[in-house]
Amino acid sequence: VPAEKLVLLANGEIVGEFELEQAGTLDPQHPAVRFEDSVQVAPLSDTWYAAIATGPEGERLDPVFRGCRAVGVTNALKVDVDGNGKFDPPTP
């Protein structure tokens, strides 16, 4: 699946954007590995994180998904910063 960009979200806000490597560049034995790095974050309160990978603009997944662009999204990872044993969602 074509993918070129990775966006890291924290509570729905973009906190990082990264270019993805071409398939097979980082690990020829595992060509699906497109990003291998550490990202440091320092949340001040309970925060959820998610990552979104997207394919090149204008490139589609035809003929299987006609007209659709490649997109992959992780589940949210919830961080309990205050240590109270539960995730307290951010207030608007």
# chains A, B, ... in the order shown; residues from 1 in each chain; ligands from 1
call {"tool": "residues_around", "arguments": {"residues": "Arg34 of chain A", "least_positions_apart": "5", "cutoff": "8 Å", "atoms": "only C-alpha atoms", "output": "ChimeraX atom specification"}}
result
/A:20-26
call {"tool": "write_last_selection", "arguments": {"atoms": "all heavy atoms", "output": "PDB file, in the first residue's frame"}}
result
ATOM      1  N   LEU A  20       7.635   9.037   5.451  1.00  0.00           N
ATOM      2  CA  LEU A  20       7.861   7.602   5.527  1.00  0.00           C
ATOM      3  C   LEU A  20       8.856   7.169   4.456  1.00  0.00           C
ATOM      4  O   LEU A  20       8.892   7.746   3.364  1.00  0.00           O
ATOM      5  CB  LEU A  20       6.544   6.845   5.355  1.00  0.00           C
ATOM      6  CG  LEU A  20       5.496   7.106   6.438  1.00  0.00           C
ATOM      7  CD1 LEU A  20       4.198   6.387   6.093  1.00  0.00           C
ATOM      8  CD2 LEU A  20       6.006   6.659   7.793  1.00  0.00           C
ATOM      9  N   GLU A  21       9.656   6.166   4.778  1.00  0.00           N
ATOM     10  CA  GLU A  21      10.619   5.613   3.827  1.00  0.00           C
ATOM     11  C   GLU A  21       9.897   4.758   2.791  1.00  0.00           C
ATOM     12  O   GLU A  21       8.773   4.306   3.018  1.00  0.00           O
ATOM     13  CB  GLU A  21      11.651   4.755   4.569  1.00  0.00           C
ATOM     14  CG  GLU A  21      12.486   5.521   5.566  1.00  0.00           C
ATOM     15  CD  GLU A  21      13.454   6.486   4.911  1.00  0.00           C
ATOM     16  OE1 GLU A  21      13.841   6.263   3.747  1.00  0.00           O
ATOM     17  OE2 GLU A  21      13.829   7.472   5.585  1.00  0.00           O
ATOM     18  N   GLN A  22      10.543   4.509   1.688  1.00  0.00           N
ATOM     19  CA  GLN A  22      10.006   3.607   0.681  1.00  0.00           C
ATOM     20  C   GLN A  22       9.996   2.184   1.236  1.00  0.00           C
ATOM     21  O   GLN A  22      10.843   1.826   2.064  1.00  0.00           O
ATOM     22  CB  GLN A  22      10.845   3.660  -0.597  1.00  0.00           C
ATOM     23  CG  GLN A  22      10.764   4.983  -1.322  1.00  0.00           C
ATOM     24  CD  GLN A  22       9.360   5.239  -1.848  1.00  0.00           C
ATOM     25  OE1 GLN A  22       8.711   4.350  -2.393  1.00  0.00           O
ATOM     26  NE2 GLN A  22       8.881   6.459  -1.699  1.00  0.00           N
ATOM     27  N   ALA A  23       9.062   1.376   0.809  1.00  0.00           N
ATOM     28  CA  ALA A  23       8.967  -0.009   1.263  1.00  0.00           C
ATOM     29  C   ALA A  23      10.283  -0.737   1.009  1.00  0.00           C
ATOM     30  O   ALA A  23      10.853  -0.649  -0.078  1.00  0.00           O
ATOM     31  CB  ALA A  23       7.821  -0.718   0.553  1.00  0.00           C
ATOM     32  N   GLY A  24      10.800  -1.432   2.038  1.00  0.00           N
ATOM     33  CA  GLY A  24      12.026  -2.210   1.913  1.00  0.00           C
ATOM     34  C   GLY A  24      13.303  -1.440   2.176  1.00  0.00           C
ATOM     35  O   GLY A  24      14.372  -2.028   2.250  1.00  0.00           O
ATOM     36  N   THR A  25      13.236  -0.127   2.360  1.00  0.00           N
ATOM     37  CA  THR A  25      14.435   0.678   2.584  1.00  0.00           C
ATOM     38  C   THR A  25      15.014   0.436   3.977  1.00  0.00           C
ATOM     39  O   THR A  25      16.220   0.230   4.128  1.00  0.00           O
ATOM     40  CB  THR A  25      14.125   2.180   2.416  1.00  0.00           C
ATOM     41  OG1 THR A  25      13.615   2.396   1.105  1.00  0.00           O
ATOM     42  CG2 THR A  25      15.354   3.036   2.624  1.00  0.00           C
ATOM     43  N   LEU A  26      14.188   0.472   5.009  1.00  0.00           N
ATOM     44  CA  LEU A  26      14.667   0.315   6.382  1.00  0.00           C
ATOM     45  C   LEU A  26      15.009  -1.134   6.708  1.00  0.00           C
ATOM     46  O   LEU A  26      15.985  -1.402   7.405  1.00  0.00           O
ATOM     47  CB  LEU A  26      13.617   0.829   7.377  1.00  0.00           C
ATOM     48  CG  LEU A  26      13.360   2.327   7.347  1.00  0.00           C
ATOM     49  CD1 LEU A  26      12.224   2.682   8.306  1.00  0.00           C
ATOM     50  CD2 LEU A  26      14.612   3.090   7.731  1.00  0.00           C
TER      51      LEU A  26
END
call {"tool": "residues_around", "arguments": {"residues": "Val41 of chain A", "least_positions_apart": "6", "cutoff": "12 Å", "atoms": "only C-alpha atoms", "output": "JSON, numbers by chain"}}
result
{"A": [8, 9, 10, 15, 16, 47, 48, 49, 79, 81]}
call {"tool": "write_last_selection", "arguments": {"atoms": "all heavy atoms", "output": "PDB file, in the first residue's frame"}}
result
ATOM      1  N   LEU A   8       1.338  12.423  13.843  1.00  0.00           N
ATOM      2  CA  LEU A   8       1.099  12.047  15.227  1.00  0.00           C
ATOM      3  C   LEU A   8       0.154  13.064  15.845  1.00  0.00           C
ATOM      4  O   LEU A   8       0.399  14.268  15.777  1.00  0.00           O
ATOM      5  CB  LEU A   8       2.414  11.996  16.015  1.00  0.00           C
ATOM      6  CG  LEU A   8       2.293  11.633  17.498  1.00  0.00           C
ATOM      7  CD1 LEU A   8       1.732  10.233  17.666  1.00  0.00           C
ATOM      8  CD2 LEU A   8       3.654  11.764  18.171  1.00  0.00           C
ATOM      9  N   LEU A   9      -0.938  12.559  16.434  1.00  0.00           N
ATOM     10  CA  LEU A   9      -1.928  13.417  17.082  1.00  0.00           C
ATOM     11  C   LEU A   9      -1.856  13.259  18.597  1.00  0.00           C
ATOM     12  O   LEU A   9      -1.629  12.158  19.098  1.00  0.00           O
ATOM     13  CB  LEU A   9      -3.341  13.036  16.642  1.00  0.00           C
ATOM     14  CG  LEU A   9      -3.674  13.095  15.169  1.00  0.00           C
ATOM     15  CD1 LEU A   9      -5.083  12.562  14.930  1.00  0.00           C
ATOM     16  CD2 LEU A   9      -3.538  14.500  14.649  1.00  0.00           C
ATOM     17  N   ALA A  10      -2.068  14.354  19.314  1.00  0.00           N
ATOM     18  CA  ALA A  10      -2.211  14.348  20.770  1.00  0.00           C
ATOM     19  C   ALA A  10      -3.488  15.106  21.079  1.00  0.00           C
ATOM     20  O   ALA A  10      -3.588  16.298  20.775  1.00  0.00           O
ATOM     21  CB  ALA A  10      -1.015  15.009  21.450  1.00  0.00           C
ATOM     22  N   VAL A  15       1.015  16.935  16.553  1.00  0.00           N
ATOM     23  CA  VAL A  15       2.221  17.230  17.331  1.00  0.00           C
ATOM     24  C   VAL A  15       3.482  16.754  16.615  1.00  0.00           C
ATOM     25  O   VAL A  15       4.589  16.977  17.095  1.00  0.00           O
ATOM     26  CB  VAL A  15       2.155  16.642  18.755  1.00  0.00           C
ATOM     27  CG1 VAL A  15       1.062  17.332  19.556  1.00  0.00           C
ATOM     28  CG2 VAL A  15       1.966  15.143  18.731  1.00  0.00           C
ATOM     29  N   GLY A  16       3.311  16.110  15.476  1.00  0.00           N
ATOM     30  CA  GLY A  16       4.465  15.678  14.692  1.00  0.00           C
ATOM     31  C   GLY A  16       4.048  15.205  13.321  1.00  0.00           C
ATOM     32  O   GLY A  16       2.959  14.655  13.152  1.00  0.00           O
ATOM     33  N   THR A  47      -3.428  12.482  28.262  1.00  0.00           N
ATOM     34  CA  THR A  47      -3.419  12.767  26.830  1.00  0.00           C
ATOM     35  C   THR A  47      -3.595  11.463  26.061  1.00  0.00           C
ATOM     36  O   THR A  47      -3.036  10.445  26.442  1.00  0.00           O
ATOM     37  CB  THR A  47      -2.077  13.416  26.420  1.00  0.00           C
ATOM     38  OG1 THR A  47      -1.872  14.603  27.191  1.00  0.00           O
ATOM     39  CG2 THR A  47      -2.062  13.776  24.946  1.00  0.00           C
ATOM     40  N   TRP A  48      -4.361  11.516  24.970  1.00  0.00           N
ATOM     41  CA  TRP A  48      -4.429  10.365  24.073  1.00  0.00           C
ATOM     42  C   TRP A  48      -3.625  10.677  22.819  1.00  0.00           C
ATOM     43  O   TRP A  48      -3.538  11.820  22.372  1.00  0.00           O
ATOM     44  CB  TRP A  48      -5.859   9.951  23.733  1.00  0.00           C
ATOM     45  CG  TRP A  48      -6.688  10.953  22.986  1.00  0.00           C
ATOM     46  CD1 TRP A  48      -7.579  11.835  23.514  1.00  0.00           C
ATOM     47  CD2 TRP A  48      -6.711  11.163  21.571  1.00  0.00           C
ATOM     48  NE1 TRP A  48      -8.160  12.584  22.521  1.00  0.00           N
ATOM     49  CE2 TRP A  48      -7.638  12.202  21.305  1.00  0.00           C
ATOM     50  CE3 TRP A  48      -6.040  10.599  20.493  1.00  0.00           C
ATOM     51  CZ2 TRP A  48      -7.907  12.665  20.021  1.00  0.00           C
ATOM     52  CZ3 TRP A  48      -6.307  11.070  19.211  1.00  0.00           C
ATOM     53  CH2 TRP A  48      -7.240  12.081  18.986  1.00  0.00           C
ATOM     54  N   TYR A  49      -2.985   9.632  22.294  1.00  0.00           N
ATOM     55  CA  TYR A  49      -2.166   9.748  21.087  1.00  0.00           C
ATOM     56  C   TYR A  49      -2.665   8.780  20.040  1.00  0.00           C
ATOM     57  O   TYR A  49      -3.137   7.681  20.361  1.00  0.00           O
ATOM     58  CB  TYR A  49      -0.698   9.425  21.396  1.00  0.00           C
ATOM     59  CG  TYR A  49      -0.051  10.423  22.308  1.00  0.00           C
ATOM     60  CD1 TYR A  49      -0.021  10.223  23.677  1.00  0.00           C
ATOM     61  CD2 TYR A  49       0.515  11.584  21.801  1.00  0.00           C
ATOM     62  CE1 TYR A  49       0.558  11.149  24.529  1.00  0.00           C
ATOM     63  CE2 TYR A  49       1.095  12.518  22.645  1.00  0.00           C
ATOM     64  CZ  TYR A  49       1.113  12.289  24.001  1.00  0.00           C
ATOM     65  OH  TYR A  49       1.679  13.212  24.835  1.00  0.00           O
ATOM     66  N   VAL A  79      -2.644   8.040  27.908  1.00  0.00           N
ATOM     67  CA  VAL A  79      -1.581   8.187  28.892  1.00  0.00           C
ATOM     68  C   VAL A  79      -2.158   8.843  30.146  1.00  0.00           C
ATOM     69  O   VAL A  79      -2.698   9.949  30.088  1.00  0.00           O
ATOM     70  CB  VAL A  79      -0.424   9.040  28.323  1.00  0.00           C
ATOM     71  CG1 VAL A  79       0.667   9.224  29.362  1.00  0.00           C
ATOM     72  CG2 VAL A  79       0.132   8.400  27.050  1.00  0.00           C
ATOM     73  N   VAL A  81      -1.281  10.682  32.970  1.00  0.00           N
ATOM     74  CA  VAL A  81      -0.174  11.505  33.469  1.00  0.00           C
ATOM     75  C   VAL A  81      -0.267  11.714  34.974  1.00  0.00           C
ATOM     76  O   VAL A  81       0.743  11.650  35.686  1.00  0.00           O
ATOM     77  CB  VAL A  81      -0.125  12.868  32.735  1.00  0.00           C
ATOM     78  CG1 VAL A  81       0.934  13.775  33.333  1.00  0.00           C
ATOM     79  CG2 VAL A  81       0.154  12.645  31.253  1.00  0.00           C
TER      80      VAL A  81
END
call {"tool": "select_by_dssp", "arguments": {"residues": "chain A", "states": "strand (DSSP E or B)", "output": "NGL selection string"}}
result
:A and (5-10 or 13-19 or 47-54 or 61 or 65 or 71-73 or 77-79)
call {"tool": "write_last_selection", "arguments": {"atoms": "C-alpha atoms", "output": "PDB file, in the first residue's frame"}}
result
ATOM      1  CA  LYS A   5       3.425  10.603   5.468  1.00  0.00           C
ATOM      2  CA  LEU A   6       2.865   9.893   9.162  1.00  0.00           C
ATOM      3  CA  VAL A   7       1.040  12.344  11.432  1.00  0.00           C
ATOM      4  CA  LEU A   8       1.099  12.047  15.227  1.00  0.00           C
ATOM      5  CA  LEU A   9      -1.928  13.417  17.082  1.00  0.00           C
ATOM      6  CA  ALA A  10      -2.211  14.348  20.770  1.00  0.00           C
ATOM      7  CA  GLU A  13      -3.931  18.165  17.609  1.00  0.00           C
ATOM      8  CA  ILE A  14      -0.990  17.505  15.284  1.00  0.00           C
ATOM      9  CA  VAL A  15       2.221  17.230  17.331  1.00  0.00           C
ATOM     10  CA  GLY A  16       4.465  15.678  14.692  1.00  0.00           C
ATOM     11  CA  GLU A  17       4.698  15.002  10.976  1.00  0.00           C
ATOM     12  CA  PHE A  18       7.157  12.550   9.451  1.00  0.00           C
ATOM     13  CA  GLU A  19       8.030  11.374   5.956  1.00  0.00           C
ATOM     14  CA  THR A  47      -3.419  12.767  26.830  1.00  0.00           C
ATOM     15  CA  TRP A  48      -4.429  10.365  24.073  1.00  0.00           C
ATOM     16  CA  TYR A  49      -2.166   9.748  21.087  1.00  0.00           C
ATOM     17  CA  ALA A  50      -2.875   8.302  17.651  1.00  0.00           C
ATOM     18  CA  ALA A  51      -0.983   8.053  14.374  1.00  0.00           C
ATOM     19  CA  ILE A  52      -2.282   8.430  10.825  1.00  0.00           C
ATOM     20  CA  ALA A  53      -0.395   7.253   7.738  1.00  0.00           C
ATOM     21  CA  THR A  54      -1.505   8.556   4.344  1.00  0.00           C
ATOM     22  CA  LEU A  61      -6.139   2.157  -4.570  1.00  0.00           C
ATOM     23  CA  PHE A  65     -11.062   0.561  -3.750  1.00  0.00           C
ATOM     24  CA  VAL A  71      -5.072   5.825   4.926  1.00  0.00           C
ATOM     25  CA  GLY A  72      -4.163   3.901   8.081  1.00  0.00           C
ATOM     26  CA  VAL A  73      -5.063   4.949  11.634  1.00  0.00           C
ATOM     27  CA  LEU A  77      -3.082   5.256  23.234  1.00  0.00           C
ATOM     28  CA  LYS A  78      -4.224   6.857  26.485  1.00  0.00           C
ATOM     29  CA  VAL A  79      -1.581   8.187  28.892  1.00  0.00           C
TER      30      VAL A  79
END
call {"tool": "closest_residue", "arguments": {"among": "A:Pro31, A:Gly67, A:Gly12, A:Pro43", "to": "Asp80 of chain A", "atoms": "only C-alpha atoms"}}
result
A:Pro43
call {"tool": "atom_distance", "arguments": {"atom1": "atom CA of Ala42 of chain A", "atom2": "atom CA of Lys86 of chain A"}}
result
18.2 Å
call {"tool": "closest_residue", "arguments": {"among": "A:Ala76, A:Ala3, A:Ala70, A:Val64", "to": "Phe35 of chain A", "atoms": "only C-alpha atoms"}}
result
A:Ala3
call {"tool": "atom_distance", "arguments": {"atom1": "atom CA of Thr91 of chain A", "atom2": "atom CA of Val39 of chain A"}}
result
24.8 Å
call {"tool": "closest_residue", "arguments": {"among": "A:Asp37, A:Glu4, A:Asp27, A:Asp46", "to": "Arg69 of chain A", "atoms": "only C-alpha atoms"}}
result
A:Glu4
call {"tool": "closest_residue", "arguments": {"among": "A:Ser45, A:Gln29, A:Gly58, A:Arg66", "to": "Asp88 of chain A", "atoms": "only C-alpha atoms"}}
result
A:Ser45
